[in-house]
Amino acid sequence: MHAESKRGGETGNLLMDFGFTTEALNNNIGLLAVDPAGLDARVLSHRHYDHFGGIVGFLQQNRGKLKAKLPLYIGGEECFCSRQWVGPPAPGNFGALDRQALEEADLTVTYAAGPSLVGKHAFTTGQIALRSFEKVLSPSTMKIGVEDGIVPKIVSDIVVMGHSTTRTTSPVFSLATASS
């Protein structure tokens with residue numbers, strides 16, 4: 001999602017979430033005529049691959065065009081943890097946000113656990129604790145730590161389904177802009 005805000009003569013631009021693939025993200029940015037050089041901030045709403053899968057390729061394609069130290073707001077370290085599928089028919093890995101690629105792109109990772117100003121005019125509530133009536137149909141776990149650039153230790157009591165989480169606080173953001 002691209003958000004543009006105006007206050008007086010000042011314009012702010014941010015990008016929230018980055019799609020499942022680089023191709024989808026770059027296609028949509030092109031269709032909307034968003035200039036990556038004009039972005040003031042980026043926000044990852046939560047750590048599902050369909051929300052961060054396109055970021056690395058976007059950063060590589062726009063190397064040298066983005067503002068130096070462009071902030072990327074995330075909920076916390078769990079955004080760098082791998083989400084592992086543990087149900088049938090076979091185990092799988094949904095990936096993890098690539099910390100090294102973010103560093104190479106000269107982004108400033110900013111943890112927004114609580115209310116935070118984002119860019120020039122927007123703000124986030126920070127992490128929102130979730131409780132859900134939904135029954136888990138797609139069991140998954142989160143691996144934490146770092147081992148060969150990937151994550152080793154499984155935390156088996158954390159179960160994630162869709163955008164809701166039980167028995168934990170999920171780094172899901174709500175985002176709003178201040179009006180003038």
# chains A, B, ... in the order shown; residues from 1 in each chain; ligands from 1
>>> residues_around(residues="Leu59 (chain A)", least_positions_apart="5", cutoff="9 Å", atoms="only C-alpha atoms", output="PyMOL selection string")
chain A and resi 54+66+101-102+105
>>> write_last_selection(atoms="N, CA and C atoms", output="mmCIF file, in the first residue's frame")
data_model
loop_
_atom_site.group_PDB
_atom_site.id
_atom_site.type_symbol
_atom_site.label_atom_id
_atom_site.label_comp_id
_atom_site.auth_asym_id
_atom_site.auth_seq_id
_atom_site.Cartn_x
_atom_site.Cartn_y
_atom_site.Cartn_z
ATOM 1 N N GLY A 54 8.500 -9.431 -1.558
ATOM 2 C CA GLY A 54 9.027 -8.625 -2.661
ATOM 3 C C GLY A 54 10.072 -7.598 -2.290
ATOM 4 N N LEU A 66 16.996 5.043 -3.570
ATOM 5 C CA LEU A 66 16.297 5.291 -2.316
ATOM 6 C C LEU A 66 17.102 6.227 -1.431
ATOM 7 N N ALA A 101 20.190 -8.270 3.594
ATOM 8 C CA ALA A 101 19.756 -7.492 2.420
ATOM 9 C C ALA A 101 19.290 -6.096 2.832
ATOM 10 N N LEU A 102 18.649 -5.982 3.982
ATOM 11 C CA LEU A 102 18.210 -4.670 4.474
ATOM 12 C C LEU A 102 19.413 -3.797 4.812
ATOM 13 N N ALA A 105 21.125 -2.556 1.705
ATOM 14 C CA ALA A 105 20.349 -1.500 1.041
ATOM 15 C C ALA A 105 20.384 -0.194 1.827
#
>>> closest_residue(among="A:Leu70, A:Val86, A:Ala122, A:Ile128", to="Thr110 (chain A)", atoms="only C-alpha atoms")
A:Leu70
>>> closest_residue(among="A:Lys69, A:Gly38, A:Ser140, A:Gly53", to="Ala90 (chain A)", atoms="only C-alpha atoms")
A:Ser140
>>> select_by_dssp(residues="region 27-153 of chain A", states="strand (DSSP E)", output="ChimeraX atom specification")
/A:41-43,71-74,82-85,92-93,108-111,116-118,122-124,128-129,140-144,153
>>> closest_residue(among="A:Cys79, A:Ala37, A:Val43, A:Ala3", to="Arg63 (chain A)", atoms="only C-alpha atoms")
A:Ala37
